Amino acid sequence: MRSVESGDRQEGAAMFAGRLKSADTVGRYRWVVCGLLFLSTSLCYLDRQIFGLLKPLLVSDLAWTETNYGDVVAVFALMYAIGYLLAGRAIDRIGTRRGLSVAVAGWSLAAAAHGLAGSVLGFKLARGALGLMEGGNFPASIKTVREWFPVHERAFATGLFNAGSNVGAIITPLALPFVVAAFGWRTAFFMAGFLGVAWLIAWLIFYEAPEKQRRLSVAERAYILGDAPAPEVRQSWVSLLRRRGTWAFVCGMLITGPVWWFYLNWVPGYLHSRFGVDMMQSIVPIVAIYLTADVGSIIGGWLSSRLVSSGLSPVKARLLAILIMAICTLPVGFISLMPGIWAAVGVIALAAAGHQGVSANLYTLVSDTMPAGSVSSVVGIGGFAAGIAGMFTALAIGRILDATHGNYLVLFIGAAAAYPLAGLIMGLILNDRSGRSSIVTE
């Protein structure tokens, strides 16, 4: 039995190498599609990062407490969870082109609406609408990758578009201080809405499903669809909840998602409270954190693709890559021992890279373990779980910081422990009693 498995792995590795070689000759339009997903993800995180970076200004101008700020973040998380769940199901029904178009149009209007808000309630309404519509980005993006990329390219493609989350977080601190200084903080939100509309126009011009895309060569279409399974009947949420792949993804998102929101929404405030940096002084540290996170996203996707090429099964490759990238998150638990700002920024940056490497493989696991017609639905279920957890986490963080007068120690310790825990739980779920990882795609 082992010799047969070894032969299958060698044959699979040879096929993978052959397909990589042929990929250079069939065309590259699929990477244009990946680039559009990269940009939409960048816009998502640009919108979110604006709010985090403006925290000291909003707290000062609007007389907010940490609890007020945490409550606004919690509303976003709740509505994001609902948006994830509803969008996941809707996109499986109406398709990625229409689904992502509606999502981006909605969140662009919501982003601009922040510029009209002047109270905690106003920000809750705008932030809630933003979360509801941004919930469509990842279900649509993961489904698009499933449709446009063969299995051996999916983790890398996911890592690339997921890197957009960091680019959005990099561009924001570079541009925001100058926009705020010149035009005020409200204009920053209006500009975010305008960028979303510009992306939507490009999406409608350049995107169609592979079967309909006239810009796609015959050879590249055949290459893309070579791994495509036969058309599948959509499954109910109840049937999806019976699958181990669903629960593995849900657990991974439930544990790691709130940690990333903590980094996005509270790291600027942490740097301000501990080291006294203002918005201008935070530019270089924030950019350093998210540049490093970008590298982690790409390396995480590349790593599991390399493991697949070596003959490891896709699920085992994703899980091993997750555990390797999770190691990068551990040093942030010791941030209170860091002697200066750059030591603290270093461990946060490493943890952010670890998160993004984990995330690239976590999303790809859905494509590996789920039927094609249910990918967005499962991503929606996992995103819903992460959003609900994020809501309660945000409520707790604000109150912890108010109660401890800004002590972040326990928060960073929890952030460090989350990723190894998630990887181990997912591994247990996806392995059957004989110890072999399970892929269920029929």
# chains A, B, ... in the order shown; residues from 1 in each chain; ligands from 1
>>> closest_atom_pairs(of="segment 36-101 of chain A", to="segment 363-374 of chain A", cutoff="9 Å", atoms="only C-alpha atoms", output="tab-separated table")
residue	atom	partner	partner_atom	distance
A:Gly88	CA	A:Ser374	CA	8.6
A:Arg89	CA	A:Ser374	CA	8.1
A:Asp92	CA	A:Gly373	CA	6.2
A:Arg93	CA	A:Gly373	CA	8.6
>>> closest_atom_pairs(of="segment 231-325 of chain A", to="segment 152-176 of chain A", cutoff="7 Å", atoms="only C-alpha atoms", output="tab-separated table")
residue	atom	partner	partner_atom	distance
A:Ile283	CA	A:Pro173	CA	5.2
A:Ile286	CA	A:Pro173	CA	6.9
A:Val287	CA	A:Ile170	CA	4.8
A:Tyr290	CA	A:Asn166	CA	4.9
A:Leu291	CA	A:Asn166	CA	6.7
A:Ala293	CA	A:Asn166	CA	6.3
A:Asp294	CA	A:Ala163	CA	4.9
A:Ser297	CA	A:Gly159	CA	5.0
A:Ile298	CA	A:Gly159	CA	4.8
A:Gly300	CA	A:Gly159	CA	6.8
A:Gly301	CA	A:Phe156	CA	4.3
A:Trp302	CA	A:Phe156	CA	5.2
A:Ser304	CA	A:Ala155	CA	6.9
A:Ser305	CA	A:His152	CA	6.1
>>> closest_atom_pairs(of="segment 325-409 of chain A", to="segment 260-264 of chain A", cutoff="12 Å", atoms="only C-alpha atoms", output="tab-separated table")
residue	atom	partner	partner_atom	distance
A:Thr329	CA	A:Trp260	CA	11.3
A:Val332	CA	A:Tyr263	CA	11.2
A:Val345	CA	A:Tyr263	CA	11.5
A:Val347	CA	A:Tyr263	CA	12.0
A:Ile348	CA	A:Tyr263	CA	8.3
A:Ala349	CA	A:Tyr263	CA	9.9
A:Leu350	CA	A:Tyr263	CA	12.0
A:Ala351	CA	A:Tyr263	CA	9.5
A:Ala352	CA	A:Trp260	CA	7.7
A:Ala353	CA	A:Trp260	CA	10.8
A:Gly354	CA	A:Trp260	CA	10.6
A:His355	CA	A:Trp260	CA	7.3
A:Gln356	CA	A:Trp260	CA	9.0
A:Val358	CA	A:Trp260	CA	11.2
A:Ser359	CA	A:Trp260	CA	10.0
A:Ala386	CA	A:Trp261	CA	10.0
A:Gly387	CA	A:Trp261	CA	9.6
A:Ala389	CA	A:Trp261	CA	10.5
A:Gly390	CA	A:Trp261	CA	7.2
A:Met391	CA	A:Trp261	CA	9.8
A:Phe392	CA	A:Phe262	CA	11.7
A:Thr393	CA	A:Phe262	CA	8.4
A:Ala394	CA	A:Phe262	CA	7.6
A:Leu395	CA	A:Phe262	CA	11.2
A:Ala396	CA	A:Phe262	CA	11.1
A:Ile397	CA	A:Phe262	CA	8.4
A:Gly398	CA	A:Phe262	CA	10.6
A:Tyr408	CA	A:Phe262	CA	10.8
>>> write_last_selection(atoms="N, CA, C and O atoms", output="compact mmCIF listing (two decimals), in the first residue's frame")
# COMPACT_ATOMS: atom_id res chain seq x y z
N THR A 329 3.91 33.84 15.14
CA THR A 329 3.05 34.66 16.00
C THR A 329 3.43 34.59 17.47
O THR A 329 2.96 35.41 18.26
N VAL A 332 5.09 37.69 19.83
CA VAL A 332 4.33 38.88 20.21
C VAL A 332 3.78 38.77 21.64
O VAL A 332 3.46 39.77 22.27
N VAL A 345 7.58 46.83 17.39
CA VAL A 345 7.10 46.77 16.01
C VAL A 345 7.58 45.49 15.33
O VAL A 345 6.84 44.87 14.55
N VAL A 347 8.12 42.44 16.62
CA VAL A 347 7.36 41.24 16.97
C VAL A 347 5.92 41.33 16.45
O VAL A 347 5.32 40.31 16.09
N ILE A 348 5.36 42.56 16.40
CA ILE A 348 4.02 42.71 15.82
C ILE A 348 4.07 42.39 14.33
O ILE A 348 3.19 41.71 13.79
N ALA A 349 5.11 42.86 13.63
CA ALA A 349 5.25 42.60 12.20
C ALA A 349 5.39 41.12 11.92
O ALA A 349 4.78 40.58 10.98
N LEU A 350 6.18 40.44 12.74
CA LEU A 350 6.35 38.99 12.56
C LEU A 350 5.03 38.26 12.79
O LEU A 350 4.68 37.32 12.05
N ALA A 351 4.29 38.69 13.80
CA ALA A 351 2.98 38.08 14.07
C ALA A 351 2.01 38.34 12.93
O ALA A 351 1.23 37.46 12.54
N ALA A 352 2.05 39.55 12.37
CA ALA A 352 1.17 39.88 11.23
C ALA A 352 1.52 39.02 10.02
O ALA A 352 0.62 38.56 9.30
N ALA A 353 2.81 38.79 9.79
CA ALA A 353 3.23 37.91 8.69
C ALA A 353 2.73 36.49 8.93
O ALA A 353 2.26 35.81 8.00
N GLY A 354 2.83 36.03 10.18
CA GLY A 354 2.33 34.70 10.50
C GLY A 354 0.84 34.60 10.26
O GLY A 354 0.35 33.60 9.70
N HIS A 355 0.09 35.62 10.66
CA HIS A 355 -1.36 35.60 10.43
C HIS A 355 -1.67 35.48 8.95
O HIS A 355 -2.53 34.68 8.55
N GLN A 356 -1.03 36.28 8.13
CA GLN A 356 -1.36 36.28 6.71
C GLN A 356 -0.96 34.97 6.03
O GLN A 356 -1.65 34.51 5.12
N VAL A 358 -0.98 32.06 7.57
CA VAL A 358 -2.05 31.15 8.02
C VAL A 358 -3.31 31.40 7.22
O VAL A 358 -3.98 30.46 6.74
N SER A 359 -3.66 32.66 7.03
CA SER A 359 -4.91 33.02 6.36
C SER A 359 -4.94 32.52 4.92
O SER A 359 -5.96 32.00 4.45
N ALA A 386 -16.25 34.10 12.69
CA ALA A 386 -15.17 35.02 13.05
C ALA A 386 -15.72 36.40 13.42
O ALA A 386 -15.23 37.05 14.36
N GLY A 387 -16.74 36.84 12.70
CA GLY A 387 -17.32 38.15 12.98
C GLY A 387 -18.00 38.22 14.33
O GLY A 387 -17.87 39.21 15.07
N ALA A 389 -17.31 36.29 16.91
CA ALA A 389 -16.23 36.27 17.89
C ALA A 389 -15.54 37.63 17.96
O ALA A 389 -15.18 38.11 19.04
N GLY A 390 -15.37 38.26 16.79
CA GLY A 390 -14.74 39.57 16.76
C GLY A 390 -15.57 40.63 17.47
O GLY A 390 -15.02 41.54 18.11
N MET A 391 -16.89 40.53 17.36
CA MET A 391 -17.76 41.49 18.04
C MET A 391 -17.56 41.41 19.56
O MET A 391 -17.33 42.43 20.23
N PHE A 392 -17.63 40.19 20.10
CA PHE A 392 -17.47 40.06 21.55
C PHE A 392 -16.05 40.41 21.98
O PHE A 392 -15.84 40.96 23.07
N THR A 393 -15.07 40.09 21.12
CA THR A 393 -13.68 40.44 21.44
C THR A 393 -13.51 41.96 21.51
O THR A 393 -12.85 42.49 22.41
N ALA A 394 -14.10 42.67 20.53
CA ALA A 394 -13.99 44.13 20.53
C ALA A 394 -14.65 44.74 21.77
O ALA A 394 -14.12 45.68 22.38
N LEU A 395 -15.83 44.21 22.13
CA LEU A 395 -16.49 44.70 23.34
C LEU A 395 -15.61 44.48 24.56
O LEU A 395 -15.50 45.35 25.43
N ALA A 396 -14.96 43.31 24.60
CA ALA A 396 -14.11 42.99 25.75
C ALA A 396 -12.85 43.83 25.77
O ALA A 396 -12.42 44.30 26.84
N ILE A 397 -12.23 44.03 24.61
CA ILE A 397 -10.97 44.77 24.57
C ILE A 397 -11.16 46.19 25.08
O ILE A 397 -10.36 46.69 25.89
N GLY A 398 -12.19 46.87 24.60
CA GLY A 398 -12.42 48.23 25.07
C GLY A 398 -12.57 48.30 26.57
O GLY A 398 -12.02 49.20 27.23
N TYR A 408 -2.04 46.36 27.70
CA TYR A 408 -2.27 45.46 26.57
C TYR A 408 -1.70 44.06 26.78
O TYR A 408 -1.80 43.22 25.88
>>> closest_residue(among="A:Ser217, A:Asn137, A:Asn265, A:Thr246", to="Val73 of chain A", atoms="only C-alpha atoms")
A:Asn265
>>> select_by_dssp(residues="segment 85-128 of chain A", states="alpha helix (DSSP H)", output="ChimeraX atom specification")
/A:85-94,96-113,120-128
>>> atom_distance(atom1="atom CA of Leu424 of chain A", atom2="atom CA of Ser310 of chain A")
22.5 Å
>>> closest_residue(among="A:Lys124, A:Arg306, A:Arg244, A:Arg318", to="Tyr69 of chain A", atoms="only C-alpha atoms")
A:Lys124
>>> residues_around(residues="Gly95 of chain A", least_positions_apart="3", cutoff="10 Å", atoms="only C-alpha atoms", output="PyMOL selection string")
chain A and resi 90-92+98-100+140+143-144+208-209+376
>>> residues_around(residues="Pro420 of chain A", least_positions_apart="6", cutoff="12 Å", atoms="only C-alpha atoms", output="ChimeraX atom specification")
/A:252,255-256,319-330,351,354-355,358,414,426-427
>>> write_last_selection(atoms="N, CA and C atoms", output="short mmCIF file (atom, residue, chain, number, x, y, z; two decimals), in the first residue's frame")
data_model
loop_
_atom_site.label_atom_id
_atom_site.label_comp_id
_atom_site.auth_asym_id
_atom_site.auth_seq_id
_atom_site.Cartn_x
_atom_site.Cartn_y
_atom_site.Cartn_z
N GLY A 252 -10.82 27.59 12.53
CA GLY A 252 -9.68 28.44 12.20
C GLY A 252 -10.04 29.91 12.17
N ILE A 255 -10.96 31.41 15.76
CA ILE A 255 -9.85 31.65 16.67
C ILE A 255 -8.93 32.76 16.18
N THR A 256 -8.67 32.81 14.86
CA THR A 256 -7.67 33.76 14.35
C THR A 256 -8.25 35.09 13.86
N LEU A 319 -2.14 22.38 6.10
CA LEU A 319 -2.04 22.30 7.56
C LEU A 319 -0.61 22.48 8.04
N LEU A 320 0.34 21.86 7.33
CA LEU A 320 1.75 22.00 7.72
C LEU A 320 2.19 23.45 7.55
N ALA A 321 1.79 24.08 6.47
CA ALA A 321 2.14 25.49 6.26
C ALA A 321 1.53 26.37 7.35
N ILE A 322 0.30 26.06 7.75
CA ILE A 322 -0.35 26.82 8.82
C ILE A 322 0.44 26.73 10.12
N LEU A 323 0.87 25.53 10.46
CA LEU A 323 1.61 25.35 11.72
C LEU A 323 2.97 26.04 11.66
N ILE A 324 3.62 26.01 10.50
CA ILE A 324 4.91 26.69 10.36
C ILE A 324 4.74 28.20 10.50
N MET A 325 3.74 28.75 9.82
CA MET A 325 3.51 30.19 9.91
C MET A 325 3.03 30.60 11.30
N ALA A 326 2.36 29.69 12.01
CA ALA A 326 1.88 30.01 13.36
C ALA A 326 3.03 30.26 14.33
N ILE A 327 4.18 29.65 14.07
CA ILE A 327 5.35 29.86 14.93
C ILE A 327 5.74 31.34 14.96
N CYS A 328 5.51 32.03 13.83
CA CYS A 328 5.88 33.45 13.75
C CYS A 328 5.06 34.32 14.69
N THR A 329 3.91 33.84 15.14
CA THR A 329 3.05 34.66 16.00
C THR A 329 3.43 34.59 17.47
N LEU A 330 4.26 33.64 17.85
CA LEU A 330 4.53 33.43 19.28
C LEU A 330 5.29 34.57 19.96
N ALA A 351 4.29 38.69 13.80
CA ALA A 351 2.98 38.08 14.07
C ALA A 351 2.01 38.34 12.93
N GLY A 354 2.83 36.03 10.18
CA GLY A 354 2.33 34.70 10.50
C GLY A 354 0.84 34.60 10.26
N HIS A 355 0.09 35.62 10.66
CA HIS A 355 -1.36 35.60 10.43
C HIS A 355 -1.67 35.48 8.95
N VAL A 358 -0.98 32.06 7.57
CA VAL A 358 -2.05 31.15 8.02
C VAL A 358 -3.31 31.40 7.22
N GLY A 414 -2.84 36.49 24.43
CA GLY A 414 -3.89 35.75 23.74
C GLY A 414 -3.68 35.69 22.24
N MET A 426 -7.58 22.33 13.87
CA MET A 426 -7.93 22.02 12.49
C MET A 426 -7.34 20.69 12.05
N GLY A 427 -6.10 20.42 12.46
CA GLY A 427 -5.48 19.15 12.12
C GLY A 427 -6.25 17.97 12.69
#
>>> atom_distance(atom1="atom CA of Asp278 of chain A", atom2="atom CA of Gly52 of chain A")
12.6 Å
>>> closest_residue(among="A:Leu411, A:Met280, A:Ile142, A:Ile425", to="Val378 of chain A", atoms="only C-alpha atoms")
A:Ile142
>>> decode(residues="segment 178-324 of chain A", atoms="C-alpha atoms", output="PDB file, in the first residue's frame")
ATOM      1  CA  PHE A 178      -1.473  64.449   4.483  1.00  0.00           C
ATOM      2  CA  VAL A 179      -5.158  64.151   3.518  1.00  0.00           C
ATOM      3  CA  VAL A 180      -6.225  64.936   7.084  1.00  0.00           C
ATOM      4  CA  ALA A 181      -3.800  67.859   7.349  1.00  0.00           C
ATOM      5  CA  ALA A 182      -4.975  69.347   4.056  1.00  0.00           C
ATOM      6  CA  PHE A 183      -8.700  68.591   4.032  1.00  0.00           C
ATOM      7  CA  GLY A 184      -9.724  67.156   7.415  1.00  0.00           C
ATOM      8  CA  TRP A 185     -10.578  63.635   8.505  1.00  0.00           C
ATOM      9  CA  ARG A 186     -14.005  63.571   6.857  1.00  0.00           C
ATOM     10  CA  THR A 187     -12.470  63.897   3.384  1.00  0.00           C
ATOM     11  CA  ALA A 188     -10.490  60.703   3.962  1.00  0.00           C
ATOM     12  CA  PHE A 189     -13.732  58.737   4.124  1.00  0.00           C
ATOM     13  CA  PHE A 190     -15.122  60.426   1.004  1.00  0.00           C
ATOM     14  CA  MET A 191     -11.969  59.518  -0.929  1.00  0.00           C
ATOM     15  CA  ALA A 192     -12.261  55.876   0.174  1.00  0.00           C
ATOM     16  CA  GLY A 193     -15.755  55.759  -1.310  1.00  0.00           C
ATOM     17  CA  PHE A 194     -14.545  57.250  -4.599  1.00  0.00           C
ATOM     18  CA  LEU A 195     -11.788  54.611  -4.930  1.00  0.00           C
ATOM     19  CA  GLY A 196     -14.369  51.862  -4.521  1.00  0.00           C
ATOM     20  CA  VAL A 197     -16.431  53.243  -7.393  1.00  0.00           C
ATOM     21  CA  ALA A 198     -13.320  53.388  -9.613  1.00  0.00           C
ATOM     22  CA  TRP A 199     -12.567  49.731  -8.846  1.00  0.00           C
ATOM     23  CA  LEU A 200     -16.142  48.738  -9.641  1.00  0.00           C
ATOM     24  CA  ILE A 201     -15.861  50.217 -13.128  1.00  0.00           C
ATOM     25  CA  ALA A 202     -12.660  48.243 -13.789  1.00  0.00           C
ATOM     26  CA  TRP A 203     -14.246  45.028 -12.492  1.00  0.00           C
ATOM     27  CA  LEU A 204     -17.243  45.324 -14.787  1.00  0.00           C
ATOM     28  CA  ILE A 205     -14.967  45.975 -17.777  1.00  0.00           C
ATOM     29  CA  PHE A 206     -12.410  43.219 -17.245  1.00  0.00           C
ATOM     30  CA  TYR A 207     -14.172  40.404 -15.373  1.00  0.00           C
ATOM     31  CA  GLU A 208     -16.239  37.511 -16.691  1.00  0.00           C
ATOM     32  CA  ALA A 209     -16.293  33.832 -15.745  1.00  0.00           C
ATOM     33  CA  PRO A 210     -13.594  31.800 -17.577  1.00  0.00           C
ATOM     34  CA  GLU A 211     -16.216  30.167 -19.793  1.00  0.00           C
ATOM     35  CA  LYS A 212     -17.402  33.595 -21.024  1.00  0.00           C
ATOM     36  CA  GLN A 213     -14.206  35.677 -20.975  1.00  0.00           C
ATOM     37  CA  ARG A 214     -13.344  36.625 -24.576  1.00  0.00           C
ATOM     38  CA  ARG A 215      -9.910  37.955 -23.601  1.00  0.00           C
ATOM     39  CA  LEU A 216      -8.890  34.458 -22.492  1.00  0.00           C
ATOM     40  CA  SER A 217      -6.925  32.300 -24.923  1.00  0.00           C
ATOM     41  CA  VAL A 218      -8.202  28.835 -25.782  1.00  0.00           C
ATOM     42  CA  ALA A 219      -5.070  27.317 -24.239  1.00  0.00           C
ATOM     43  CA  GLU A 220      -5.388  29.217 -20.953  1.00  0.00           C
ATOM     44  CA  ARG A 221      -9.096  28.408 -20.693  1.00  0.00           C
ATOM     45  CA  ALA A 222      -8.297  24.705 -21.089  1.00  0.00           C
ATOM     46  CA  TYR A 223      -5.495  25.018 -18.533  1.00  0.00           C
ATOM     47  CA  ILE A 224      -7.784  26.706 -16.006  1.00  0.00           C
ATOM     48  CA  LEU A 225     -10.682  24.320 -16.480  1.00  0.00           C
ATOM     49  CA  GLY A 226      -8.518  21.211 -16.491  1.00  0.00           C
ATOM     50  CA  ASP A 227      -9.031  20.739 -12.733  1.00  0.00           C
ATOM     51  CA  ALA A 228     -12.657  21.817 -12.753  1.00  0.00           C
ATOM     52  CA  PRO A 229     -15.056  19.182 -11.414  1.00  0.00           C
ATOM     53  CA  ALA A 230     -18.372  18.408 -13.010  1.00  0.00           C
ATOM     54  CA  PRO A 231     -21.177  20.855 -12.220  1.00  0.00           C
ATOM     55  CA  GLU A 232     -22.463  20.240  -8.720  1.00  0.00           C
ATOM     56  CA  VAL A 233     -25.769  20.657  -6.970  1.00  0.00           C
ATOM     57  CA  ARG A 234     -25.696  23.325  -4.273  1.00  0.00           C
ATOM     58  CA  GLN A 235     -25.978  21.934  -0.782  1.00  0.00           C
ATOM     59  CA  SER A 236     -27.978  23.211   2.156  1.00  0.00           C
ATOM     60  CA  TRP A 237     -26.288  24.788   5.148  1.00  0.00           C
ATOM     61  CA  VAL A 238     -27.324  21.766   7.209  1.00  0.00           C
ATOM     62  CA  SER A 239     -25.526  19.377   4.859  1.00  0.00           C
ATOM     63  CA  LEU A 240     -22.440  21.619   4.822  1.00  0.00           C
ATOM     64  CA  LEU A 241     -22.357  21.572   8.617  1.00  0.00           C
ATOM     65  CA  ARG A 242     -21.976  17.798   8.478  1.00  0.00           C
ATOM     66  CA  ARG A 243     -18.603  18.126   6.723  1.00  0.00           C
ATOM     67  CA  ARG A 244     -15.323  18.188   8.590  1.00  0.00           C
ATOM     68  CA  GLY A 245     -13.921  20.714   6.135  1.00  0.00           C
ATOM     69  CA  THR A 246     -16.586  23.214   7.176  1.00  0.00           C
ATOM     70  CA  TRP A 247     -15.824  22.814  10.865  1.00  0.00           C
ATOM     71  CA  ALA A 248     -12.074  23.033  10.330  1.00  0.00           C
ATOM     72  CA  PHE A 249     -12.503  26.342   8.519  1.00  0.00           C
ATOM     73  CA  VAL A 250     -14.986  27.652  11.090  1.00  0.00           C
ATOM     74  CA  CYS A 251     -12.627  26.851  13.973  1.00  0.00           C
ATOM     75  CA  GLY A 252      -9.676  28.436  12.196  1.00  0.00           C
ATOM     76  CA  MET A 253     -11.613  31.631  11.483  1.00  0.00           C
ATOM     77  CA  LEU A 254     -13.230  31.726  14.918  1.00  0.00           C
ATOM     78  CA  ILE A 255      -9.846  31.648  16.667  1.00  0.00           C
ATOM     79  CA  THR A 256      -7.666  33.760  14.353  1.00  0.00           C
ATOM     80  CA  GLY A 257     -10.064  36.308  12.833  1.00  0.00           C
ATOM     81  CA  PRO A 258     -10.569  38.415  15.981  1.00  0.00           C
ATOM     82  CA  VAL A 259      -6.805  38.608  16.484  1.00  0.00           C
ATOM     83  CA  TRP A 260      -6.311  40.246  13.081  1.00  0.00           C
ATOM     84  CA  TRP A 261      -9.005  42.797  13.862  1.00  0.00           C
ATOM     85  CA  PHE A 262      -7.211  43.517  17.128  1.00  0.00           C
ATOM     86  CA  TYR A 263      -4.049  44.299  15.171  1.00  0.00           C
ATOM     87  CA  LEU A 264      -5.909  46.466  12.661  1.00  0.00           C
ATOM     88  CA  ASN A 265      -7.925  48.466  15.161  1.00  0.00           C
ATOM     89  CA  TRP A 266      -5.700  48.682  18.235  1.00  0.00           C
ATOM     90  CA  VAL A 267      -2.036  48.588  17.170  1.00  0.00           C
ATOM     91  CA  PRO A 268      -1.999  52.305  16.247  1.00  0.00           C
ATOM     92  CA  GLY A 269      -3.535  53.082  19.631  1.00  0.00           C
ATOM     93  CA  TYR A 270      -1.025  50.803  21.376  1.00  0.00           C
ATOM     94  CA  LEU A 271       1.912  52.570  19.743  1.00  0.00           C
ATOM     95  CA  HIS A 272       0.390  55.909  20.707  1.00  0.00           C
ATOM     96  CA  SER A 273      -0.284  54.981  24.340  1.00  0.00           C
ATOM     97  CA  ARG A 274       3.020  53.194  25.035  1.00  0.00           C
ATOM     98  CA  PHE A 275       5.478  55.163  22.909  1.00  0.00           C
ATOM     99  CA  GLY A 276       3.647  58.454  22.420  1.00  0.00           C
ATOM    100  CA  VAL A 277       3.737  58.396  18.607  1.00  0.00           C
ATOM    101  CA  ASP A 278       1.259  60.561  16.747  1.00  0.00           C
ATOM    102  CA  MET A 279      -0.257  59.893  13.311  1.00  0.00           C
ATOM    103  CA  MET A 280       2.751  61.200  11.390  1.00  0.00           C
ATOM    104  CA  GLN A 281       5.251  59.341  13.583  1.00  0.00           C
ATOM    105  CA  SER A 282       3.319  56.101  13.183  1.00  0.00           C
ATOM    106  CA  ILE A 283       3.724  56.027   9.378  1.00  0.00           C
ATOM    107  CA  VAL A 284       7.015  54.135   9.227  1.00  0.00           C
ATOM    108  CA  PRO A 285       6.167  51.594  11.987  1.00  0.00           C
ATOM    109  CA  ILE A 286       2.745  50.810  10.477  1.00  0.00           C
ATOM    110  CA  VAL A 287       4.182  50.482   6.975  1.00  0.00           C
ATOM    111  CA  ALA A 288       6.921  48.165   8.298  1.00  0.00           C
ATOM    112  CA  ILE A 289       4.312  45.951   9.985  1.00  0.00           C
ATOM    113  CA  TYR A 290       2.171  45.520   6.898  1.00  0.00           C
ATOM    114  CA  LEU A 291       5.059  45.156   4.435  1.00  0.00           C
ATOM    115  CA  THR A 292       6.224  42.252   6.563  1.00  0.00           C
ATOM    116  CA  ALA A 293       2.673  40.899   6.633  1.00  0.00           C
ATOM    117  CA  ASP A 294       2.614  41.014   2.823  1.00  0.00           C
ATOM    118  CA  VAL A 295       5.719  38.869   2.695  1.00  0.00           C
ATOM    119  CA  GLY A 296       4.098  36.412   5.093  1.00  0.00           C
ATOM    120  CA  SER A 297       0.985  36.102   2.926  1.00  0.00           C
ATOM    121  CA  ILE A 298       2.979  35.332  -0.205  1.00  0.00           C
ATOM    122  CA  ILE A 299       5.393  32.976   1.556  1.00  0.00           C
ATOM    123  CA  GLY A 300       2.526  31.114   3.222  1.00  0.00           C
ATOM    124  CA  GLY A 301       0.808  30.500  -0.117  1.00  0.00           C
ATOM    125  CA  TRP A 302       4.082  29.650  -1.860  1.00  0.00           C
ATOM    126  CA  LEU A 303       5.079  27.229   0.912  1.00  0.00           C
ATOM    127  CA  SER A 304       2.031  24.995   0.675  1.00  0.00           C
ATOM    128  CA  SER A 305       2.225  25.017  -3.135  1.00  0.00           C
ATOM    129  CA  ARG A 306       5.812  23.789  -2.856  1.00  0.00           C
ATOM    130  CA  LEU A 307       4.724  21.108  -0.390  1.00  0.00           C
ATOM    131  CA  VAL A 308       2.059  19.942  -2.846  1.00  0.00           C
ATOM    132  CA  SER A 309       4.701  19.815  -5.591  1.00  0.00           C
ATOM    133  CA  SER A 310       6.833  17.586  -3.368  1.00  0.00           C
ATOM    134  CA  GLY A 311       4.010  15.032  -3.292  1.00  0.00           C
ATOM    135  CA  LEU A 312       2.200  15.995  -0.096  1.00  0.00           C
ATOM    136  CA  SER A 313      -1.589  15.976  -0.314  1.00  0.00           C
ATOM    137  CA  PRO A 314      -3.157  19.458  -0.559  1.00  0.00           C
ATOM    138  CA  VAL A 315      -4.813  19.292   2.864  1.00  0.00           C
ATOM    139  CA  LYS A 316      -1.664  18.098   4.628  1.00  0.00           C
ATOM    140  CA  ALA A 317       0.345  20.767   2.815  1.00  0.00           C
ATOM    141  CA  ARG A 318      -2.021  23.518   3.941  1.00  0.00           C
ATOM    142  CA  LEU A 319      -2.042  22.302   7.558  1.00  0.00           C
ATOM    143  CA  LEU A 320       1.746  22.003   7.715  1.00  0.00           C
ATOM    144  CA  ALA A 321       2.143  25.494   6.264  1.00  0.00           C
ATOM    145  CA  ILE A 322      -0.348  26.823   8.820  1.00  0.00           C
ATOM    146  CA  LEU A 323       1.615  25.349  11.715  1.00  0.00           C
ATOM    147  CA  ILE A 324       4.914  26.688  10.356  1.00  0.00           C
TER     148      ILE A 324
END
